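One file, my_file08.cif, is given below (mmCIF, C-alpha atoms and all ligand atoms; chains and numbers go by the auth columns).
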```cif
data_run
loop_
_atom_site.group_PDB
_atom_site.id
_atom_site.type_symbol
_atom_site.label_atom_id
_atom_site.label_comp_id
_atom_site.label_asym_id
_atom_site.label_seq_id
_atom_site.Cartn_x
_atom_site.Cartn_y
_atom_site.Cartn_z
_atom_site.B_iso_or_equiv
_atom_site.auth_seq_id
_atom_site.auth_asym_id
ATOM 1 C CA MET A 1 0.493 17.089 5.104 0.00 1 A
ATOM 2 C CA LYS A 2 4.214 16.569 5.429 0.00 2 A
ATOM 3 C CA ILE A 3 5.430 13.491 7.334 0.00 3 A
ATOM 4 C CA ASP A 4 9.076 12.912 8.196 0.00 4 A
ATOM 5 C CA ILE A 5 9.918 9.427 9.449 0.00 5 A
ATOM 6 C CA LEU A 6 13.207 9.053 11.303 0.00 6 A
ATOM 7 C CA THR A 7 14.320 5.440 11.367 0.00 7 A
ATOM 8 C CA LEU A 8 17.267 3.044 11.384 0.00 8 A
ATOM 9 C CA PHE A 9 15.462 0.880 8.807 0.00 9 A
ATOM 10 C CA PRO A 10 14.307 3.157 5.967 0.00 10 A
ATOM 11 C CA GLU A 11 13.764 0.250 3.571 0.00 11 A
ATOM 12 C CA MET A 12 10.888 -1.011 5.735 0.00 12 A
ATOM 13 C CA PHE A 13 8.758 1.893 4.520 0.00 13 A
ATOM 14 C CA ASP A 14 9.026 0.988 0.823 0.00 14 A
ATOM 15 C CA ALA A 15 6.116 -1.428 1.099 0.00 15 A
ATOM 16 C CA LEU A 16 3.858 1.054 2.872 0.00 16 A
ATOM 17 C CA LEU A 17 4.504 3.906 0.475 0.00 17 A
ATOM 18 C CA GLY A 18 4.287 1.676 -2.587 0.00 18 A
ATOM 19 C CA SER A 19 0.893 0.372 -1.462 0.00 19 A
ATOM 20 C CA SER A 20 -2.058 1.399 -3.558 0.00 20 A
ATOM 21 C CA ILE A 21 -3.893 3.824 -1.293 0.00 21 A
ATOM 22 C CA LEU A 22 -0.959 5.583 0.381 0.00 22 A
ATOM 23 C CA GLY A 23 1.084 5.456 -2.826 0.00 23 A
ATOM 24 C CA LYS A 24 -1.711 7.319 -4.611 0.00 24 A
ATOM 25 C CA ALA A 25 -1.974 9.841 -1.770 0.00 25 A
ATOM 26 C CA VAL A 26 1.734 10.552 -2.249 0.00 26 A
ATOM 27 C CA GLU A 27 1.348 10.737 -6.043 0.00 27 A
ATOM 28 C CA ARG A 28 -1.524 13.182 -5.693 0.00 28 A
ATOM 29 C CA GLY A 29 0.479 15.329 -3.301 0.00 29 A
ATOM 30 C CA ILE A 30 -1.949 14.881 -0.402 0.00 30 A
ATOM 31 C CA ILE A 31 0.878 13.609 1.758 0.00 31 A
ATOM 32 C CA GLU A 32 4.577 14.132 1.315 0.00 32 A
ATOM 33 C CA VAL A 33 6.577 11.452 3.120 0.00 33 A
ATOM 34 C CA ASN A 34 10.283 11.824 3.728 0.00 34 A
ATOM 35 C CA VAL A 35 12.095 8.814 5.222 0.00 35 A
ATOM 36 C CA VAL A 36 15.330 9.766 6.968 0.00 36 A
ATOM 37 C CA ASN A 37 18.051 7.340 8.053 0.00 37 A
ATOM 38 C CA ILE A 38 19.127 8.339 11.577 0.00 38 A
ATOM 39 C CA ARG A 39 22.475 6.652 10.945 0.00 39 A
ATOM 40 C CA ASP A 40 23.302 9.358 8.402 0.00 40 A
ATOM 41 C CA PHE A 41 23.636 11.740 11.369 0.00 41 A
ATOM 42 C CA SER A 42 26.082 9.587 13.324 0.00 42 A
ATOM 43 C CA ARG A 43 29.490 11.154 13.844 0.00 43 A
ATOM 44 C CA ASP A 44 31.006 7.806 14.752 0.00 44 A
ATOM 45 C CA LYS A 45 33.406 6.325 12.216 0.00 45 A
ATOM 46 C CA HIS A 46 31.437 3.052 12.362 0.00 46 A
ATOM 47 C CA ARG A 47 28.143 4.960 12.049 0.00 47 A
ATOM 48 C CA ARG A 48 27.051 3.740 15.489 0.00 48 A
ATOM 49 C CA VAL A 49 23.847 5.169 16.869 0.00 49 A
ATOM 50 C CA ASP A 50 23.494 3.244 20.148 0.00 50 A
ATOM 51 C CA ASP A 51 25.510 2.775 23.314 0.00 51 A
ATOM 52 C CA TYR A 52 25.411 0.985 26.669 0.00 52 A
ATOM 53 C CA PRO A 53 22.975 2.339 29.265 0.00 53 A
ATOM 54 C CA TYR A 54 24.380 4.305 32.202 0.00 54 A
ATOM 55 C CA GLY A 55 23.634 2.402 35.393 0.00 55 A
ATOM 56 C CA GLY A 56 23.759 -0.936 33.581 0.00 56 A
ATOM 57 C CA GLY A 57 20.839 -3.001 32.407 0.00 57 A
ATOM 58 C CA ALA A 58 19.943 -5.022 29.355 0.00 58 A
ATOM 59 C CA GLY A 59 20.247 -3.801 25.791 0.00 59 A
ATOM 60 C CA MET A 60 21.456 -0.624 24.188 0.00 60 A
ATOM 61 C CA VAL A 61 20.143 2.926 24.191 0.00 61 A
ATOM 62 C CA MET A 62 19.840 5.170 21.133 0.00 62 A
ATOM 63 C CA MET A 63 22.375 7.994 21.478 0.00 63 A
ATOM 64 C CA PRO A 64 21.045 11.554 21.705 0.00 64 A
ATOM 65 C CA GLN A 65 23.299 13.297 19.174 0.00 65 A
ATOM 66 C CA PRO A 66 22.229 11.558 15.905 0.00 66 A
ATOM 67 C CA ILE A 67 18.562 11.818 16.860 0.00 67 A
ATOM 68 C CA HIS A 68 18.895 15.443 17.913 0.00 68 A
ATOM 69 C CA GLU A 69 20.473 16.351 14.599 0.00 69 A
ATOM 70 C CA ALA A 70 18.039 14.277 12.553 0.00 70 A
ATOM 71 C CA ILE A 71 15.046 15.999 14.186 0.00 71 A
ATOM 72 C CA ALA A 72 16.669 19.429 13.894 0.00 72 A
ATOM 73 C CA SER A 73 17.313 18.848 10.184 0.00 73 A
ATOM 74 C CA VAL A 74 13.666 18.030 9.371 0.00 74 A
ATOM 75 C CA LYS A 75 12.312 20.785 11.629 0.00 75 A
ATOM 76 C CA LYS A 76 14.515 23.452 10.076 0.00 76 A
ATOM 77 C CA GLY A 77 12.189 26.274 9.104 0.00 77 A
ATOM 78 C CA CYS A 78 9.170 24.374 10.519 0.00 78 A
ATOM 79 C CA PRO A 79 9.205 24.940 14.285 0.00 79 A
ATOM 80 C CA ASP A 80 5.539 23.882 14.539 0.00 80 A
ATOM 81 C CA ALA A 81 6.099 20.315 13.328 0.00 81 A
ATOM 82 C CA ARG A 82 4.767 17.846 15.907 0.00 82 A
ATOM 83 C CA VAL A 83 7.358 15.278 16.977 0.00 83 A
ATOM 84 C CA ILE A 84 6.086 11.834 17.968 0.00 84 A
ATOM 85 C CA LEU A 85 8.149 9.017 19.396 0.00 85 A
ATOM 86 C CA THR A 86 6.816 5.489 18.938 0.00 86 A
ATOM 87 C CA SER A 87 7.313 3.711 22.233 0.00 87 A
ATOM 88 C CA PRO A 88 5.553 0.977 24.217 0.00 88 A
ATOM 89 C CA ARG A 89 5.361 3.377 27.147 0.00 89 A
ATOM 90 C CA GLY A 90 3.501 6.029 25.139 0.00 90 A
ATOM 91 C CA LYS A 91 -0.169 6.999 25.301 0.00 91 A
ATOM 92 C CA PRO A 92 -2.402 4.501 23.475 0.00 92 A
ATOM 93 C CA PHE A 93 -2.924 5.345 19.810 0.00 93 A
ATOM 94 C CA VAL A 94 -6.697 5.451 19.327 0.00 94 A
ATOM 95 C CA GLN A 95 -8.930 6.846 16.583 0.00 95 A
ATOM 96 C CA GLU A 96 -9.315 10.162 18.420 0.00 96 A
ATOM 97 C CA LYS A 97 -5.549 10.593 18.355 0.00 97 A
ATOM 98 C CA ALA A 98 -5.480 9.758 14.617 0.00 98 A
ATOM 99 C CA VAL A 99 -8.097 12.478 14.031 0.00 99 A
ATOM 100 C CA ALA A 100 -6.122 15.002 16.115 0.00 100 A
ATOM 101 C CA LEU A 101 -2.897 14.223 14.250 0.00 101 A
ATOM 102 C CA SER A 102 -4.661 14.462 10.873 0.00 102 A
ATOM 103 C CA ARG A 103 -5.239 18.164 11.661 0.00 103 A
ATOM 104 C CA GLN A 104 -1.514 18.861 11.881 0.00 104 A
ATOM 105 C CA SER A 105 0.304 20.079 8.800 0.00 105 A
ATOM 106 C CA HIS A 106 3.666 18.506 9.624 0.00 106 A
ATOM 107 C CA LEU A 107 4.409 15.341 11.618 0.00 107 A
ATOM 108 C CA VAL A 108 7.825 14.011 12.534 0.00 108 A
ATOM 109 C CA ILE A 109 7.728 10.366 13.638 0.00 109 A
ATOM 110 C CA LEU A 110 10.786 9.055 15.424 0.00 110 A
ATOM 111 C CA CYS A 111 10.931 5.254 15.417 0.00 111 A
ATOM 112 C CA GLY A 112 12.278 4.082 18.760 0.00 112 A
ATOM 113 C CA HIS A 113 14.655 1.112 18.956 0.00 113 A
ATOM 114 C CA TYR A 114 16.771 -1.074 21.224 0.00 114 A
ATOM 115 C CA GLU A 115 15.924 -0.534 24.872 0.00 115 A
ATOM 116 C CA GLY A 116 14.951 3.070 24.330 0.00 116 A
ATOM 117 C CA VAL A 117 16.036 6.564 23.464 0.00 117 A
ATOM 118 C CA ASP A 118 18.258 8.760 25.650 0.00 118 A
ATOM 119 C CA GLN A 119 15.789 10.662 27.857 0.00 119 A
ATOM 120 C CA ARG A 120 17.438 14.030 27.187 0.00 120 A
ATOM 121 C CA VAL A 121 16.431 13.955 23.548 0.00 121 A
ATOM 122 C CA ILE A 122 12.885 12.968 24.531 0.00 122 A
ATOM 123 C CA ASP A 123 12.696 15.815 27.055 0.00 123 A
ATOM 124 C CA SER A 124 14.053 18.420 24.678 0.00 124 A
ATOM 125 C CA MET A 125 12.627 17.453 21.300 0.00 125 A
ATOM 126 C CA VAL A 126 9.682 15.038 21.519 0.00 126 A
ATOM 127 C CA ASP A 127 6.124 16.372 21.878 0.00 127 A
ATOM 128 C CA GLU A 128 4.484 13.043 22.671 0.00 128 A
ATOM 129 C CA GLU A 129 5.160 9.327 22.978 0.00 129 A
ATOM 130 C CA VAL A 130 2.633 7.042 21.332 0.00 130 A
ATOM 131 C CA SER A 131 2.086 3.295 21.747 0.00 131 A
ATOM 132 C CA ILE A 132 0.031 1.179 19.364 0.00 132 A
ATOM 133 C CA GLY A 133 -0.807 -1.372 22.057 0.00 133 A
ATOM 134 C CA ASP A 134 0.272 -3.080 25.229 0.00 134 A
ATOM 135 C CA TYR A 135 2.886 -5.355 23.705 0.00 135 A
ATOM 136 C CA VAL A 136 6.522 -4.854 22.824 0.00 136 A
ATOM 137 C CA LEU A 137 7.679 -4.929 19.201 0.00 137 A
ATOM 138 C CA THR A 138 11.258 -5.133 17.990 0.00 138 A
ATOM 139 C CA GLY A 139 11.150 -1.514 16.871 0.00 139 A
ATOM 140 C CA GLY A 140 9.027 1.532 16.234 0.00 140 A
ATOM 141 C CA GLU A 141 8.771 1.112 12.459 0.00 141 A
ATOM 142 C CA LEU A 142 5.548 -0.920 12.417 0.00 142 A
ATOM 143 C CA PRO A 143 3.917 1.500 14.894 0.00 143 A
ATOM 144 C CA ALA A 144 5.015 4.420 12.681 0.00 144 A
ATOM 145 C CA MET A 145 3.370 2.735 9.683 0.00 145 A
ATOM 146 C CA VAL A 146 0.181 2.189 11.662 0.00 146 A
ATOM 147 C CA ILE A 147 0.117 5.872 12.599 0.00 147 A
ATOM 148 C CA VAL A 148 0.820 7.074 9.038 0.00 148 A
ATOM 149 C CA ASP A 149 -1.874 4.796 7.619 0.00 149 A
ATOM 150 C CA ALA A 150 -4.521 5.746 10.191 0.00 150 A
ATOM 151 C CA VAL A 151 -3.793 9.470 9.846 0.00 151 A
ATOM 152 C CA ALA A 152 -3.386 9.632 6.064 0.00 152 A
ATOM 153 C CA ARG A 153 -6.679 7.918 5.319 0.00 153 A
ATOM 154 C CA LEU A 154 -8.495 10.689 7.203 0.00 154 A
ATOM 155 C CA LEU A 155 -7.162 13.364 4.862 0.00 155 A
ATOM 156 C CA PRO A 156 -9.570 14.584 2.168 0.00 156 A
ATOM 157 C CA GLY A 157 -9.061 12.729 -1.106 0.00 157 A
ATOM 158 C CA VAL A 158 -7.167 9.715 0.264 0.00 158 A
ATOM 159 C CA ILE A 159 -10.042 7.262 0.435 0.00 159 A
ATOM 160 C CA GLY A 160 -13.015 7.257 -1.871 0.00 160 A
ATOM 161 C CA SER A 161 -15.982 8.284 0.169 0.00 161 A
ATOM 162 C CA LEU A 162 -16.367 10.504 3.205 0.00 162 A
ATOM 163 C CA LYS A 163 -19.432 8.462 4.094 0.00 163 A
ATOM 164 C CA SER A 164 -17.288 5.408 4.732 0.00 164 A
ATOM 165 C CA LEU A 165 -15.237 7.459 7.192 0.00 165 A
ATOM 166 C CA GLU A 166 -18.402 8.516 8.972 0.00 166 A
ATOM 167 C CA GLU A 167 -19.844 5.050 9.219 0.00 167 A
ATOM 168 C CA GLU A 168 -16.814 3.026 10.115 0.00 168 A
ATOM 169 C CA SER A 169 -15.829 1.360 13.335 0.00 169 A
ATOM 170 C CA PHE A 170 -15.151 3.609 16.297 0.00 170 A
ATOM 171 C CA THR A 171 -16.796 6.627 14.729 0.00 171 A
ATOM 172 C CA GLY A 172 -19.490 7.476 17.204 0.00 172 A
ATOM 173 C CA GLY A 173 -17.912 4.981 19.561 0.00 173 A
ATOM 174 C CA LEU A 174 -19.610 1.880 18.109 0.00 174 A
ATOM 175 C CA LEU A 175 -18.153 -0.974 16.094 0.00 175 A
ATOM 176 C CA GLU A 176 -19.304 -1.357 12.534 0.00 176 A
ATOM 177 C CA TYR A 177 -22.465 -3.286 11.686 0.00 177 A
ATOM 178 C CA PRO A 178 -22.033 -6.483 9.588 0.00 178 A
ATOM 179 C CA GLN A 179 -21.619 -6.016 5.841 0.00 179 A
ATOM 180 C CA TYR A 180 -22.916 -8.165 2.965 0.00 180 A
ATOM 181 C CA THR A 181 -22.486 -8.123 -0.802 0.00 181 A
ATOM 182 C CA ARG A 182 -23.821 -10.248 -3.660 0.00 182 A
ATOM 183 C CA PRO A 183 -24.979 -12.978 -3.958 0.00 183 A
ATOM 184 C CA ALA A 184 -28.105 -12.626 -1.823 0.00 184 A
ATOM 185 C CA GLU A 185 -27.690 -16.292 -0.856 0.00 185 A
ATOM 186 C CA PHE A 186 -24.306 -17.985 -0.349 0.00 186 A
ATOM 187 C CA MET A 187 -24.002 -21.659 0.627 0.00 187 A
ATOM 188 C CA GLY A 188 -27.517 -21.535 2.010 0.00 188 A
ATOM 189 C CA MET A 189 -26.846 -18.390 4.078 0.00 189 A
ATOM 190 C CA LYS A 190 -29.087 -15.451 3.261 0.00 190 A
ATOM 191 C CA VAL A 191 -28.419 -11.734 3.465 0.00 191 A
ATOM 192 C CA PRO A 192 -30.751 -10.240 6.120 0.00 192 A
ATOM 193 C CA GLU A 193 -34.056 -9.536 4.442 0.00 193 A
ATOM 194 C CA VAL A 194 -34.180 -5.908 5.614 0.00 194 A
ATOM 195 C CA LEU A 195 -31.119 -5.030 3.500 0.00 195 A
ATOM 196 C CA LEU A 196 -32.962 -6.111 0.355 0.00 196 A
ATOM 197 C CA SER A 197 -36.160 -4.276 1.314 0.00 197 A
ATOM 198 C CA GLY A 198 -35.262 -0.856 -0.099 0.00 198 A
ATOM 199 C CA ASN A 199 -36.775 0.677 3.074 0.00 199 A
ATOM 200 C CA HIS A 200 -34.075 3.183 4.044 0.00 200 A
ATOM 201 C CA LYS A 201 -35.497 3.985 7.460 0.00 201 A
ATOM 202 C CA ARG A 202 -35.649 0.310 8.450 0.00 202 A
ATOM 203 C CA ILE A 203 -32.156 -0.256 7.018 0.00 203 A
ATOM 204 C CA GLU A 204 -30.681 2.605 9.082 0.00 204 A
ATOM 205 C CA GLU A 205 -32.415 1.263 12.211 0.00 205 A
ATOM 206 C CA TRP A 206 -31.060 -2.222 11.508 0.00 206 A
ATOM 207 C CA LYS A 207 -27.517 -0.885 11.065 0.00 207 A
ATOM 208 C CA ARG A 208 -27.667 1.004 14.362 0.00 208 A
ATOM 209 C CA GLU A 209 -29.084 -2.020 16.191 0.00 209 A
ATOM 210 C CA LYS A 210 -26.417 -4.316 14.768 0.00 210 A
ATOM 211 C CA ALA A 211 -23.650 -1.834 15.594 0.00 211 A
ATOM 212 C CA ILE A 212 -24.814 -1.702 19.216 0.00 212 A
ATOM 213 C CA GLU A 213 -25.098 -5.495 19.336 0.00 213 A
ATOM 214 C CA ALA A 214 -21.594 -5.994 17.859 0.00 214 A
ATOM 215 C CA THR A 215 -20.118 -3.555 20.356 0.00 215 A
ATOM 216 C CA ARG A 216 -21.945 -5.175 23.277 0.00 216 A
ATOM 217 C CA VAL A 217 -20.626 -8.620 22.360 0.00 217 A
ATOM 218 C CA LEU A 218 -17.128 -7.851 21.024 0.00 218 A
ATOM 219 C CA ARG A 219 -16.055 -4.690 22.869 0.00 219 A
ATOM 220 C CA PRO A 220 -18.399 -3.994 25.794 0.00 220 A
ATOM 221 C CA ASP A 221 -15.742 -1.642 27.213 0.00 221 A
ATOM 222 C CA LEU A 222 -16.525 0.813 24.377 0.00 222 A
ATOM 223 C CA LEU A 223 -20.202 1.159 25.339 0.00 223 A
ATOM 224 C CA GLU A 224 -19.384 3.553 28.168 0.00 224 A
ATOM 225 C CA GLY A 225 -18.412 6.282 25.703 0.00 225 A
ATOM 226 C CA VAL A 226 -21.492 5.859 23.463 0.00 226 A
ATOM 227 C CA GLN A 227 -24.353 8.363 23.408 0.00 227 A
ATOM 228 C CA PHE A 228 -27.541 6.311 23.231 0.00 228 A
ATOM 229 C CA THR A 229 -30.779 7.745 21.898 0.00 229 A
ATOM 230 C CA GLU A 230 -34.251 7.044 23.221 0.00 230 A
ATOM 231 C CA CYS A 231 -34.867 4.720 20.244 0.00 231 A
ATOM 232 C CA ASP A 232 -31.843 2.627 21.164 0.00 232 A
ATOM 233 C CA GLY A 233 -33.411 1.869 24.545 0.00 233 A
ATOM 234 C CA LYS A 234 -36.545 0.540 22.869 0.00 234 A
ATOM 235 C CA ARG A 235 -34.660 -1.897 20.687 0.00 235 A
ATOM 236 C CA PRO A 236 -34.518 -5.420 22.015 0.00 236 A
ATOM 237 C CA LEU A 237 -30.903 -6.579 22.446 0.00 237 A
ATOM 238 C CA LYS A 238 -31.051 -10.139 21.208 0.00 238 A
ATOM 239 C CA GLY A 239 -28.821 -13.028 22.164 0.00 239 A
ATOM 240 C CA LYS A 240 -26.437 -13.098 25.083 0.00 240 A
ATOM 241 C CA ASN A 241 -22.902 -13.329 23.888 0.00 241 A
ATOM 242 C CA LYS A 242 -23.494 -14.157 20.293 0.00 242 A
ATOM 243 C CA LEU A 243 -23.826 -11.913 17.286 0.00 243 A
HETATM 244 N N1 LIG B . 7.956 0.004 20.007 0.00 301 B
HETATM 245 C C1 LIG B . 7.958 -1.255 20.462 0.00 301 B
HETATM 246 N N2 LIG B . 6.732 -1.649 20.802 0.00 301 B
HETATM 247 C C2 LIG B . 5.901 -0.588 20.558 0.00 301 B
HETATM 248 C C3 LIG B . 4.521 -0.371 20.702 0.00 301 B
HETATM 249 N N3 LIG B . 3.695 -1.299 21.184 0.00 301 B
HETATM 250 N N4 LIG B . 4.018 0.818 20.337 0.00 301 B
HETATM 251 C C4 LIG B . 4.835 1.784 19.869 0.00 301 B
HETATM 252 N N5 LIG B . 6.148 1.643 19.724 0.00 301 B
HETATM 253 C C5 LIG B . 6.699 0.457 20.048 0.00 301 B
#
```

If you convert what's in this file into structure tokens, what do you get?
Amino acid sequence: MKIDILTLFPEMFDALLGSSILGKAVERGIIEVNVVNIRDFSRDKHRRVDDYPYGGGAGMVMMPQPIHEAIASVKKGCPDARVILTSPRGKPFVQEKAVALSRQSHLVILCGHYEGVDQRVIDSMVDEEVSIGDYVLTGGELPAMVIVDAVARLLPGVIGSLKSLEEESFTGGLLEYPQYTRPAEFMGMKVPEVLLSGNHKRIEEWKREKAIEATRVLRPDLLEGVQFTECDGKRPLKGKNKL
């Protein structure tokens, strides 16, 4: 997958791409990431990329021309590339969206800044606006990193085991069950006996029960989208608001 990131702060991506998992994905050629400085497309002698908003109001607006040319340059020869703008007014970025984006062969992520981006460039060149949550950050770089990380790890060969992708939080709509590793007893606290039993059927049942319980307590809003089986109904849901 090719990913072009258009930003005013290219150096912010050094940490992400140097990190072990994504760095290896780049090394192995699973993802090719190209970070483009939007300022390089400014025609202003001071390399300005923002201006005052028409109609007044706080802050500055990113000018259309540098962004238009930056997007056109990375899309040259690739008309099918999907262009995403990171913006607090975008659609929420959820796992389903990460899965959908992981099926694209070429993503262009435009990192929004200041008070926004001139609407004409959004209307003419952006396929979708994406928000990583209902809060406002200083810029779209962190959201772009979140998107790249969540998408890249879904690509074959980026993380070790496909099973961990299948089992993890949000897959199937449930949160993940609690995890334990050695020692079997730590500061007087024991690993649940069933996990040491070697009984795979009981272990799978326990994991499902604990996933439902965790979701009920921590994110009851997610339960609406979960397909319950007949067995789930027979399991006692213990405790009220405690895991
Ligand atoms: N830019 C600023 N805040 C943002 C958010 N929550 N999501 C995406 N882009 C943003």

- Taking the file as shown, find all residues satisfying the PyMOL selection byres (((chain A and resi 49) around 10) and not hetatm) and write them as a PyMOL selection string. chain A and resi 8+38-44+46-48+50-51+60-67

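Closest approach to Leu154 of chain A among A:Arg82, A:Lys2, A:Arg103, A:His68 is made by A:Arg103 (distances from all atoms listed in the file).
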
- Note on the structure: In terms of all atoms listed in the file, the residue from A:Glu141, A:Asp4, A:Glu128, A:Asp80 at minimal distance from ligand LIG 301 (chain B) is A:Glu141

- Item | Within 12 Å of ligand LIG 301 (chain B), counting all atoms listed in the file, residues as a PyMOL selection string | chain A and resi 84-94+109-117+128-147

- Identify the residues within 10 Å of coordinate (-7.1, 11.8, 6.5) (same frame as the file), considering all atoms listed in the file, and give the answer as number ranges by chain. A: 1, 25, 30-31, 98-99, 101-103, 148-159, 162, 165

Only C-alpha atoms, please: the residues just picked out, written as a PDB file, in the frame of the given file.
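Result file is selection_12.pdb:
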```pdb
ATOM      1  CA  MET A   1       0.493  17.089   5.104  1.00  0.00           C
ATOM      2  CA  ALA A  25      -1.974   9.841  -1.770  1.00  0.00           C
ATOM      3  CA  ILE A  30      -1.949  14.881  -0.402  1.00  0.00           C
ATOM      4  CA  ILE A  31       0.878  13.609   1.758  1.00  0.00           C
ATOM      5  CA  ALA A  98      -5.480   9.758  14.617  1.00  0.00           C
ATOM      6  CA  VAL A  99      -8.097  12.478  14.031  1.00  0.00           C
ATOM      7  CA  LEU A 101      -2.897  14.223  14.250  1.00  0.00           C
ATOM      8  CA  SER A 102      -4.661  14.462  10.873  1.00  0.00           C
ATOM      9  CA  ARG A 103      -5.239  18.164  11.661  1.00  0.00           C
ATOM     10  CA  VAL A 148       0.820   7.074   9.038  1.00  0.00           C
ATOM     11  CA  ASP A 149      -1.874   4.796   7.619  1.00  0.00           C
ATOM     12  CA  ALA A 150      -4.521   5.746  10.191  1.00  0.00           C
ATOM     13  CA  VAL A 151      -3.793   9.470   9.846  1.00  0.00           C
ATOM     14  CA  ALA A 152      -3.386   9.632   6.064  1.00  0.00           C
ATOM     15  CA  ARG A 153      -6.679   7.918   5.319  1.00  0.00           C
ATOM     16  CA  LEU A 154      -8.495  10.689   7.203  1.00  0.00           C
ATOM     17  CA  LEU A 155      -7.162  13.364   4.862  1.00  0.00           C
ATOM     18  CA  PRO A 156      -9.570  14.584   2.168  1.00  0.00           C
ATOM     19  CA  GLY A 157      -9.061  12.729  -1.106  1.00  0.00           C
ATOM     20  CA  VAL A 158      -7.167   9.715   0.264  1.00  0.00           C
ATOM     21  CA  ILE A 159     -10.042   7.262   0.435  1.00  0.00           C
ATOM     22  CA  LEU A 162     -16.367  10.504   3.205  1.00  0.00           C
ATOM     23  CA  LEU A 165     -15.237   7.459   7.192  1.00  0.00           C
TER      24      LEU A 165
END
```

- Message: Give me the residues near segment 199-216 of chain A as a list in words, where near means some atom within 6 Å (using only C-alpha atoms) and where sequence neighbours in that chain fewer than 2 positions away do not count.
- Response: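 That gives Leu174, Leu175, Glu176, Tyr177, Ser197, Leu218, Arg219 and Pro220 of chain A.
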
- Residues at most 9 Å from Gly225 of chain A, counting only C-alpha atoms, excluding those fewer than 4 positions away in the same chain, as a list in words? Gly172, Gly173, Leu174 and Asp221 of chain A

- Message: Given the point (14.8, 17.1, 17.0) in the coordinates of this file, which residues lie within 9 Å, counting all atoms listed in the file, and how would they look as a PyMOL selection string?
- Response: chain A and resi 67-75+83+108+121-122+124-126
